[in-house]
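Novice: Just so it is clear, I am handing over entry_11.tsv, which has TSV, N, CA, C and O atoms.
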chain	number	residue	atom	x	y	z
N	1	MET	N	-7.60	-1.87	-22.34
N	1	MET	CA	-6.92	-2.06	-21.08
N	1	MET	C	-7.88	-1.68	-19.95
N	1	MET	O	-8.49	-0.62	-19.98
N	2	PRO	N	-8.02	-2.52	-18.90
N	2	PRO	CA	-8.92	-2.19	-17.80
N	2	PRO	C	-8.45	-0.95	-17.05
N	2	PRO	O	-7.24	-0.72	-16.91
N	3	GLU	N	-9.40	-0.20	-16.55
N	3	GLU	CA	-9.07	1.02	-15.81
N	3	GLU	C	-8.53	0.65	-14.44
N	3	GLU	O	-9.08	-0.19	-13.75
N	4	GLN	N	-7.43	1.28	-14.04
N	4	GLN	CA	-6.83	1.03	-12.73
N	4	GLN	C	-6.73	2.34	-11.97
N	4	GLN	O	-6.71	3.41	-12.57
N	5	ASN	N	-6.66	2.24	-10.64
N	5	ASN	CA	-6.46	3.43	-9.84
N	5	ASN	C	-5.06	3.96	-10.11
N	5	ASN	O	-4.10	3.21	-10.11
N	6	PRO	N	-4.93	5.27	-10.35
N	6	PRO	CA	-3.60	5.81	-10.60
N	6	PRO	C	-2.75	5.74	-9.33
N	6	PRO	O	-3.23	5.98	-8.24
N	7	VAL	N	-1.49	5.42	-9.51
N	7	VAL	CA	-0.57	5.37	-8.39
N	7	VAL	C	0.06	6.74	-8.23
N	7	VAL	O	0.45	7.36	-9.21
N	8	LYS	N	0.13	7.20	-7.00
N	8	LYS	CA	0.80	8.48	-6.75
N	8	LYS	C	2.28	8.29	-7.06
N	8	LYS	O	2.91	7.35	-6.56
N	9	PRO	N	2.89	9.14	-7.88
N	9	PRO	CA	4.27	8.92	-8.32
N	9	PRO	C	5.30	8.92	-7.20
N	9	PRO	O	6.37	8.34	-7.35
N	10	ASP	N	4.99	9.53	-6.07
N	10	ASP	CA	5.94	9.58	-4.96
N	10	ASP	C	5.94	8.31	-4.12
N	10	ASP	O	6.78	8.16	-3.24
N	11	ILE	N	4.98	7.42	-4.35
N	11	ILE	CA	4.94	6.18	-3.58
N	11	ILE	C	5.79	5.14	-4.30
N	11	ILE	O	5.43	4.61	-5.34
N	12	VAL	N	6.95	4.91	-3.73
N	12	VAL	CA	7.93	3.96	-4.24
N	12	VAL	C	8.57	3.25	-3.05
N	12	VAL	O	8.42	3.70	-1.90
N	13	VAL	N	9.27	2.17	-3.31
N	13	VAL	CA	9.98	1.49	-2.25
N	13	VAL	C	10.95	2.47	-1.60
N	13	VAL	O	11.68	3.17	-2.29
N	14	GLY	N	10.91	2.55	-0.28
N	14	GLY	CA	11.75	3.47	0.47
N	14	GLY	C	11.06	4.76	0.88
N	14	GLY	O	11.58	5.50	1.70
N	15	ALA	N	9.87	5.03	0.32
N	15	ALA	CA	9.15	6.27	0.64
N	15	ALA	C	8.49	6.18	2.01
N	15	ALA	O	8.00	5.13	2.41
N	16	ARG	N	8.48	7.31	2.73
N	16	ARG	CA	7.72	7.39	3.99
N	16	ARG	C	6.28	7.66	3.62
N	16	ARG	O	5.98	8.51	2.79
N	17	VAL	N	5.36	6.89	4.22
N	17	VAL	CA	3.94	7.00	3.89
N	17	VAL	C	3.09	6.97	5.15
N	17	VAL	O	3.55	6.59	6.22
N	18	ARG	N	1.84	7.39	4.97
N	18	ARG	CA	0.80	7.24	5.99
N	18	ARG	C	-0.18	6.21	5.45
N	18	ARG	O	-0.62	6.29	4.31
N	19	VAL	N	-0.53	5.24	6.28
N	19	VAL	CA	-1.48	4.19	5.91
N	19	VAL	C	-2.81	4.51	6.58
N	19	VAL	O	-2.87	4.68	7.80
N	20	ARG	N	-3.86	4.63	5.77
N	20	ARG	CA	-5.21	4.92	6.29
N	20	ARG	C	-6.05	3.66	6.18
N	20	ARG	O	-6.17	3.07	5.12
N	21	ARG	N	-6.66	3.25	7.29
N	21	ARG	CA	-7.56	2.10	7.33
N	21	ARG	C	-8.87	2.53	7.96
N	21	ARG	O	-8.90	3.43	8.81
N	22	GLU	N	-9.95	1.88	7.60
N	22	GLU	CA	-11.27	2.24	8.12
N	22	GLU	C	-11.35	2.17	9.64
N	22	GLU	O	-11.77	3.11	10.28
N	23	ALA	N	-10.96	1.05	10.22
N	23	ALA	CA	-11.15	0.83	11.65
N	23	ALA	C	-9.96	1.28	12.50
N	23	ALA	O	-10.01	1.21	13.71
N	24	GLU	N	-8.90	1.72	11.88
N	24	GLU	CA	-7.70	2.09	12.61
N	24	GLU	C	-7.35	3.55	12.40
N	24	GLU	O	-7.81	4.17	11.46
N	25	THR	N	-6.53	4.06	13.27
N	25	THR	CA	-6.03	5.41	13.06
N	25	THR	C	-4.94	5.36	11.99
N	25	THR	O	-4.46	4.30	11.62
N	26	THR	N	-4.56	6.50	11.51
N	26	THR	CA	-3.50	6.57	10.50
N	26	THR	C	-2.17	6.17	11.14
N	26	THR	O	-1.86	6.59	12.24
N	27	ALA	N	-1.41	5.35	10.44
N	27	ALA	CA	-0.11	4.90	10.93
N	27	ALA	C	0.95	5.30	9.91
N	27	ALA	O	0.69	5.34	8.71
N	28	GLN	N	2.15	5.57	10.40
N	28	GLN	CA	3.24	6.00	9.52
N	28	GLN	C	4.29	4.91	9.41
N	28	GLN	O	4.50	4.14	10.34
N	29	GLY	N	4.94	4.85	8.23
N	29	GLY	CA	5.97	3.86	8.04
N	29	GLY	C	6.68	4.05	6.72
N	29	GLY	O	6.57	5.10	6.09
N	30	VAL	N	7.40	3.01	6.30
N	30	VAL	CA	8.21	3.05	5.09
N	30	VAL	C	7.80	1.89	4.18
N	30	VAL	O	7.67	0.75	4.64
N	31	VAL	N	7.61	2.20	2.89
N	31	VAL	CA	7.29	1.15	1.91
N	31	VAL	C	8.53	0.29	1.73
N	31	VAL	O	9.63	0.80	1.47
N	32	ILE	N	8.36	-1.04	1.89
N	32	ILE	CA	9.52	-1.93	1.75
N	32	ILE	C	9.42	-2.86	0.54
N	32	ILE	O	10.41	-3.47	0.15
N	33	GLU	N	8.22	-2.96	-0.05
N	33	GLU	CA	8.08	-3.82	-1.24
N	33	GLU	C	6.87	-3.40	-2.05
N	33	GLU	O	5.87	-2.96	-1.51
N	34	ASP	N	6.98	-3.55	-3.36
N	34	ASP	CA	5.91	-3.26	-4.31
N	34	ASP	C	5.56	-4.56	-5.03
N	34	ASP	O	6.39	-5.12	-5.74
N	35	PHE	N	4.35	-5.06	-4.82
N	35	PHE	CA	3.92	-6.31	-5.42
N	35	PHE	C	3.00	-6.06	-6.62
N	35	PHE	O	2.07	-6.82	-6.87
N	36	ALA	N	3.28	-5.03	-7.40
N	36	ALA	CA	2.43	-4.64	-8.52
N	36	ALA	C	2.23	-5.79	-9.51
N	36	ALA	O	1.13	-5.96	-10.04
N	37	GLU	N	3.26	-6.58	-9.76
N	37	GLU	CA	3.14	-7.66	-10.73
N	37	GLU	C	2.14	-8.73	-10.29
N	37	GLU	O	1.62	-9.47	-11.12
N	38	LEU	N	1.85	-8.81	-9.01
N	38	LEU	CA	0.87	-9.79	-8.52
N	38	LEU	C	-0.54	-9.24	-8.45
N	38	LEU	O	-1.47	-9.98	-8.16
N	39	THR	N	-0.70	-7.94	-8.66
N	39	THR	CA	-2.02	-7.32	-8.51
N	39	THR	C	-2.64	-6.92	-9.83
N	39	THR	O	-3.55	-6.10	-9.86
N	40	THR	N	-2.18	-7.48	-10.93
N	40	THR	CA	-2.74	-7.12	-12.22
N	40	THR	C	-4.23	-7.37	-12.23
N	40	THR	O	-4.69	-8.42	-11.77
N	41	SER	N	-4.98	-6.40	-12.71
N	41	SER	CA	-6.44	-6.53	-12.69
N	41	SER	C	-6.86	-7.67	-13.61
N	41	SER	O	-6.22	-7.99	-14.59
N	42	GLY	N	-7.98	-8.27	-13.25
N	42	GLY	CA	-8.51	-9.36	-14.03
N	42	GLY	C	-8.09	-10.72	-13.52
N	42	GLY	O	-8.67	-11.72	-13.88
N	43	GLN	N	-7.07	-10.76	-12.67
N	43	GLN	CA	-6.66	-12.03	-12.09
N	43	GLN	C	-7.31	-12.20	-10.74
N	43	GLN	O	-7.17	-11.38	-9.86
N	44	SER	N	-8.05	-13.29	-10.59
N	44	SER	CA	-8.69	-13.54	-9.31
N	44	SER	C	-7.91	-14.53	-8.48
N	44	SER	O	-8.26	-14.81	-7.35
N	45	LEU	N	-6.85	-15.09	-9.04
N	45	LEU	CA	-6.02	-16.09	-8.37
N	45	LEU	C	-6.83	-17.31	-7.95
N	45	LEU	O	-6.45	-18.05	-7.06
N	46	GLY	N	-8.01	-17.50	-8.59
N	46	GLY	CA	-8.84	-18.65	-8.29
N	46	GLY	C	-9.62	-18.56	-7.00
N	46	GLY	O	-10.12	-19.54	-6.50
N	47	ARG	N	-9.70	-17.36	-6.43
N	47	ARG	CA	-10.44	-17.18	-5.17
N	47	ARG	C	-10.96	-15.75	-5.07
N	47	ARG	O	-10.46	-14.86	-5.75
N	48	ASP	N	-11.93	-15.54	-4.20
N	48	ASP	CA	-12.43	-14.19	-3.97
N	48	ASP	C	-12.11	-13.71	-2.56
N	48	ASP	O	-12.57	-12.67	-2.13
N	49	TRP	N	-11.31	-14.44	-1.83
N	49	TRP	CA	-10.90	-14.06	-0.48
N	49	TRP	C	-9.39	-13.77	-0.49
N	49	TRP	O	-8.67	-14.19	-1.38
N	50	ALA	N	-8.92	-13.08	0.49
N	50	ALA	CA	-7.50	-12.73	0.64
N	50	ALA	C	-6.91	-12.11	-0.62
N	50	ALA	O	-5.98	-12.64	-1.21
N	51	PRO	N	-7.44	-10.96	-1.04
N	51	PRO	CA	-6.88	-10.31	-2.23
N	51	PRO	C	-5.45	-9.85	-1.98
N	51	PRO	O	-5.06	-9.54	-0.86
N	52	VAL	N	-4.68	-9.80	-3.05
N	52	VAL	CA	-3.29	-9.35	-2.95
N	52	VAL	C	-3.28	-7.83	-2.81
N	52	VAL	O	-3.94	-7.13	-3.56
N	53	HIS	N	-2.55	-7.33	-1.84
N	53	HIS	CA	-2.36	-5.89	-1.66
N	53	HIS	C	-1.03	-5.52	-2.32
N	53	HIS	O	-0.07	-6.28	-2.25
N	54	ARG	N	-0.98	-4.35	-2.92
N	54	ARG	CA	0.20	-3.98	-3.69
N	54	ARG	C	1.42	-3.67	-2.84
N	54	ARG	O	2.54	-4.02	-3.18
N	55	TRP	N	1.24	-2.96	-1.74
N	55	TRP	CA	2.37	-2.41	-0.99
N	55	TRP	C	2.58	-3.11	0.34
N	55	TRP	O	1.65	-3.33	1.09
N	56	ALA	N	3.85	-3.41	0.67
N	56	ALA	CA	4.23	-3.88	2.02
N	56	ALA	C	4.85	-2.68	2.72
N	56	ALA	O	5.75	-2.04	2.17
N	57	VAL	N	4.35	-2.37	3.91
N	57	VAL	CA	4.81	-1.18	4.63
N	57	VAL	C	5.25	-1.58	6.04
N	57	VAL	O	4.49	-2.21	6.79
N	58	ALA	N	6.47	-1.24	6.40
N	58	ALA	CA	6.99	-1.44	7.75
N	58	ALA	C	6.60	-0.20	8.55
N	58	ALA	O	7.12	0.89	8.30
N	59	LEU	N	5.67	-0.37	9.49
N	59	LEU	CA	5.21	0.77	10.29
N	59	LEU	C	6.23	1.12	11.36
N	59	LEU	O	7.01	0.27	11.80
N	60	ASP	N	6.18	2.36	11.80
N	60	ASP	CA	7.10	2.85	12.82
N	60	ASP	C	6.93	2.10	14.15
N	60	ASP	O	7.87	2.04	14.94
N	61	ASP	N	5.75	1.52	14.40
N	61	ASP	CA	5.52	0.79	15.65
N	61	ASP	C	5.97	-0.67	15.58
N	61	ASP	O	5.76	-1.44	16.49
N	62	GLY	N	6.59	-1.07	14.45
N	62	GLY	CA	7.13	-2.42	14.33
N	62	GLY	C	6.27	-3.40	13.56
N	62	GLY	O	6.72	-4.50	13.24
N	63	ARG	N	5.04	-3.03	13.23
N	63	ARG	CA	4.17	-3.93	12.48
N	63	ARG	C	4.49	-3.87	10.99
N	63	ARG	O	4.98	-2.87	10.49
N	64	LEU	N	4.17	-4.97	10.30
N	64	LEU	CA	4.24	-5.03	8.85
N	64	LEU	C	2.82	-5.12	8.34
N	64	LEU	O	2.06	-5.99	8.78
N	65	VAL	N	2.42	-4.21	7.45
N	65	VAL	CA	1.07	-4.23	6.89
N	65	VAL	C	1.14	-4.22	5.38
N	65	VAL	O	2.15	-3.82	4.79
N	66	PHE	N	0.08	-4.68	4.77
N	66	PHE	CA	-0.04	-4.70	3.32
N	66	PHE	C	-1.21	-3.80	2.95
N	66	PHE	O	-2.27	-3.88	3.59
N	67	ALA	N	-1.05	-2.94	1.95
N	67	ALA	CA	-2.05	-1.93	1.65
N	67	ALA	C	-2.27	-1.79	0.15
N	67	ALA	O	-1.40	-2.11	-0.66
N	68	HIS	N	-3.46	-1.29	-0.20
N	68	HIS	CA	-3.81	-0.95	-1.57
N	68	HIS	C	-3.36	0.49	-1.85
N	68	HIS	O	-3.11	1.27	-0.91
N	69	ASP	N	-3.31	0.87	-3.11
N	69	ASP	CA	-2.94	2.24	-3.51
N	69	ASP	C	-3.74	3.29	-2.76
N	69	ASP	O	-3.18	4.27	-2.28
N	70	GLY	N	-5.06	3.12	-2.67
N	70	GLY	CA	-5.93	4.12	-2.06
N	70	GLY	C	-5.78	4.28	-0.57
N	70	GLY	O	-6.32	5.20	0.03
N	71	GLU	N	-5.04	3.39	0.07
N	71	GLU	CA	-4.84	3.46	1.52
N	71	GLU	C	-3.56	4.18	1.91
N	71	GLU	O	-3.28	4.35	3.09
N	72	LEU	N	-2.77	4.63	0.93
N	72	LEU	CA	-1.48	5.25	1.21
N	72	LEU	C	-1.44	6.71	0.76
N	72	LEU	O	-1.99	7.06	-0.27
N	73	ASP	N	-0.77	7.51	1.54
N	73	ASP	CA	-0.45	8.90	1.20
N	73	ASP	C	1.02	9.11	1.53
N	73	ASP	O	1.52	8.57	2.53
N	74	VAL	N	1.70	9.90	0.73
N	74	VAL	CA	3.09	10.24	1.03
N	74	VAL	C	3.10	11.03	2.34
N	74	VAL	O	2.28	11.92	2.54
N	75	ASP	N	4.03	10.71	3.21
N	75	ASP	CA	4.14	11.38	4.52
N	75	ASP	C	4.98	12.64	4.35
N	75	ASP	O	6.19	12.61	4.56
N	76	THR	N	4.34	13.71	3.95
N	76	THR	CA	5.07	14.97	3.72
N	76	THR	C	5.50	15.64	5.01
N	76	THR	O	6.45	16.40	5.01
N	77	ALA	N	4.83	15.33	6.12
N	77	ALA	CA	5.17	15.95	7.40
N	77	ALA	C	6.56	15.56	7.86
N	77	ALA	O	7.29	16.38	8.42
N	78	SER	N	6.96	14.33	7.61
N	78	SER	CA	8.28	13.90	8.09
N	78	SER	C	9.36	14.07	7.05
N	78	SER	O	10.53	13.88	7.34
N	79	SER	N	9.00	14.40	5.82
N	79	SER	CA	10.02	14.55	4.77
N	79	SER	C	10.90	15.77	4.98
N	79	SER	O	12.01	15.81	4.52
N	80	GLY	N	10.40	16.76	5.69
N	80	GLY	CA	11.18	17.97	5.94
N	80	GLY	C	12.01	17.93	7.19
N	80	GLY	O	12.69	18.86	7.53
N	81	GLN	N	11.96	16.82	7.94
N	81	GLN	CA	12.70	16.72	9.18
N	81	GLN	C	14.10	16.24	8.97
N	81	GLN	O	14.44	15.58	8.07
Please render this file's structure as structure tokens.

Specialist:
Amino acid sequence: MPEQNPVKPDIVVGARVRVRREAETTAQGVVIEDFAELTTSGQSLGRDWAPVHRWAVALDDGRLVFAHDGELDVDTASSGQ
């Protein structure tokens, strides 16, 4: 079986998360969809552009973004509010 990045167990649909991107500041939002079945390793979908991202996240500022496992952290700061 190919090696995959481990998913943090707290990242599930409905979880509050922080999305980290290289060129952007960290943004907070809620996971609204998990596309794990489309991101199975070894599938190139016949192209090397526009890779499938696993998570759909509705950000607090109204944007919808798609992210990889490594770009998300559970938002523990807002979980206690």

Novice: Need the shell around Val17 in chain N: protein/DNA/RNA residues with any atom at most 10 Å away, counting only C-alpha atoms. Skip same-chain ones fewer than 5 positions apart. Format as a list in words?

Specialist: Asp10, Ile11, Val12, Thr26, Ala27, Gln28, Gly29, Val30, Val31, Val57, Ala58, Leu59, Glu71, Leu72, Asp73, Val74, Asp75, Thr76, Ala77, Ser78 and Ser79 of chain N

Novice: Smallest atom-to-atom distance to Ala67 in chain N: which of N:Leu38, N:Ile32, N:Val13, N:Val19, using only C-alpha atoms?

Specialist: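 Comparing N:Leu38, N:Ile32, N:Val13, N:Val19 against Ala67 in chain N, the winner is N:Val19.
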
Novice: Can you sort out the box for range 53-72 of chain N, edges along x, y and z, all listed atoms in, 3 Å on every side, with centre and edge lengths in Å to one decimal, as AutoDock Vina command-line options?

Specialist:
--center_x 0.8 --center_y -0.1 --center_z 6.4 --size_x 20.2 --size_y 20.4 --size_z 26.2

Novice: Could you tell me how far CA of Trp49 in chain N sits from CA of Glu33 in chain N, in Å to one decimal place?

Specialist: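 Result for CA of Glu33 in chain N versus CA of Trp49 in chain N: 21.6 Å, one decimal.
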
Novice: To one decimal in Å, tell me the separation between atom O of Val52 in chain N and CA of Asp34 in chain N.

Specialist: 10.6 Å

Novice: Rounded to one decimal place, report the atom O of Phe35 in chain N-atom O of Arg54 in chain N distance in Å.

Specialist: 4.7 Å

Novice: Please reconstruct the missing atoms of range 25-36 of chain N (target: all heavy atoms) and return them as a tab-separated table (two decimals), in the frame of the given file.

Specialist:
chain	number	residue	atom	x	y	z
N	25	THR	N	-6.53	4.06	13.27
N	25	THR	CA	-6.03	5.41	13.06
N	25	THR	C	-4.94	5.36	11.99
N	25	THR	O	-4.46	4.30	11.62
N	25	THR	CB	-5.44	5.98	14.36
N	25	THR	OG1	-4.37	5.13	14.78
N	25	THR	CG2	-6.49	6.08	15.44
N	26	THR	N	-4.56	6.50	11.51
N	26	THR	CA	-3.50	6.57	10.50
N	26	THR	C	-2.17	6.17	11.14
N	26	THR	O	-1.86	6.59	12.24
N	26	THR	CB	-3.40	8.00	9.95
N	26	THR	OG1	-4.66	8.34	9.37
N	26	THR	CG2	-2.34	8.11	8.88
N	27	ALA	N	-1.41	5.35	10.44
N	27	ALA	CA	-0.11	4.90	10.93
N	27	ALA	C	0.95	5.30	9.91
N	27	ALA	O	0.69	5.34	8.71
N	27	ALA	CB	-0.12	3.39	11.13
N	28	GLN	N	2.15	5.57	10.40
N	28	GLN	CA	3.24	6.00	9.52
N	28	GLN	C	4.29	4.91	9.41
N	28	GLN	O	4.50	4.14	10.34
N	28	GLN	CB	3.87	7.27	10.06
N	28	GLN	CG	2.89	8.42	10.08
N	28	GLN	CD	3.40	9.60	10.86
N	28	GLN	OE1	4.11	9.44	11.85
N	28	GLN	NE2	3.04	10.80	10.43
N	29	GLY	N	4.94	4.85	8.23
N	29	GLY	CA	5.97	3.86	8.04
N	29	GLY	C	6.68	4.05	6.72
N	29	GLY	O	6.57	5.10	6.09
N	30	VAL	N	7.40	3.01	6.30
N	30	VAL	CA	8.21	3.05	5.09
N	30	VAL	C	7.80	1.89	4.18
N	30	VAL	O	7.67	0.75	4.64
N	30	VAL	CB	9.71	2.93	5.43
N	30	VAL	CG1	10.56	2.86	4.17
N	30	VAL	CG2	10.15	4.09	6.30
N	31	VAL	N	7.61	2.20	2.89
N	31	VAL	CA	7.29	1.15	1.91
N	31	VAL	C	8.53	0.29	1.73
N	31	VAL	O	9.63	0.80	1.47
N	31	VAL	CB	6.88	1.78	0.55
N	31	VAL	CG1	6.69	0.69	-0.50
N	31	VAL	CG2	5.63	2.62	0.70
N	32	ILE	N	8.36	-1.04	1.89
N	32	ILE	CA	9.52	-1.93	1.75
N	32	ILE	C	9.42	-2.86	0.54
N	32	ILE	O	10.41	-3.47	0.15
N	32	ILE	CB	9.78	-2.75	3.02
N	32	ILE	CG1	8.57	-3.61	3.38
N	32	ILE	CG2	10.17	-1.86	4.17
N	32	ILE	CD1	8.84	-4.64	4.45
N	33	GLU	N	8.22	-2.96	-0.05
N	33	GLU	CA	8.08	-3.82	-1.24
N	33	GLU	C	6.87	-3.40	-2.05
N	33	GLU	O	5.87	-2.96	-1.51
N	33	GLU	CB	7.94	-5.28	-0.82
N	33	GLU	CG	8.00	-6.26	-1.97
N	33	GLU	CD	9.34	-6.26	-2.71
N	33	GLU	OE1	10.37	-6.56	-2.10
N	33	GLU	OE2	9.33	-5.92	-3.91
N	34	ASP	N	6.98	-3.55	-3.36
N	34	ASP	CA	5.91	-3.26	-4.31
N	34	ASP	C	5.56	-4.56	-5.03
N	34	ASP	O	6.39	-5.12	-5.74
N	34	ASP	CB	6.37	-2.20	-5.30
N	34	ASP	CG	5.32	-1.83	-6.34
N	34	ASP	OD1	4.23	-2.43	-6.35
N	34	ASP	OD2	5.60	-0.94	-7.15
N	35	PHE	N	4.35	-5.06	-4.82
N	35	PHE	CA	3.92	-6.31	-5.42
N	35	PHE	C	3.00	-6.06	-6.62
N	35	PHE	O	2.07	-6.82	-6.87
N	35	PHE	CB	3.18	-7.17	-4.39
N	35	PHE	CG	4.07	-7.64	-3.26
N	35	PHE	CD1	3.99	-7.03	-2.03
N	35	PHE	CD2	4.97	-8.66	-3.45
N	35	PHE	CE1	4.81	-7.46	-0.98
N	35	PHE	CE2	5.79	-9.10	-2.42
N	35	PHE	CZ	5.70	-8.49	-1.18
N	36	ALA	N	3.28	-5.03	-7.40
N	36	ALA	CA	2.43	-4.64	-8.52
N	36	ALA	C	2.23	-5.79	-9.51
N	36	ALA	O	1.13	-5.96	-10.04
N	36	ALA	CB	3.02	-3.44	-9.25
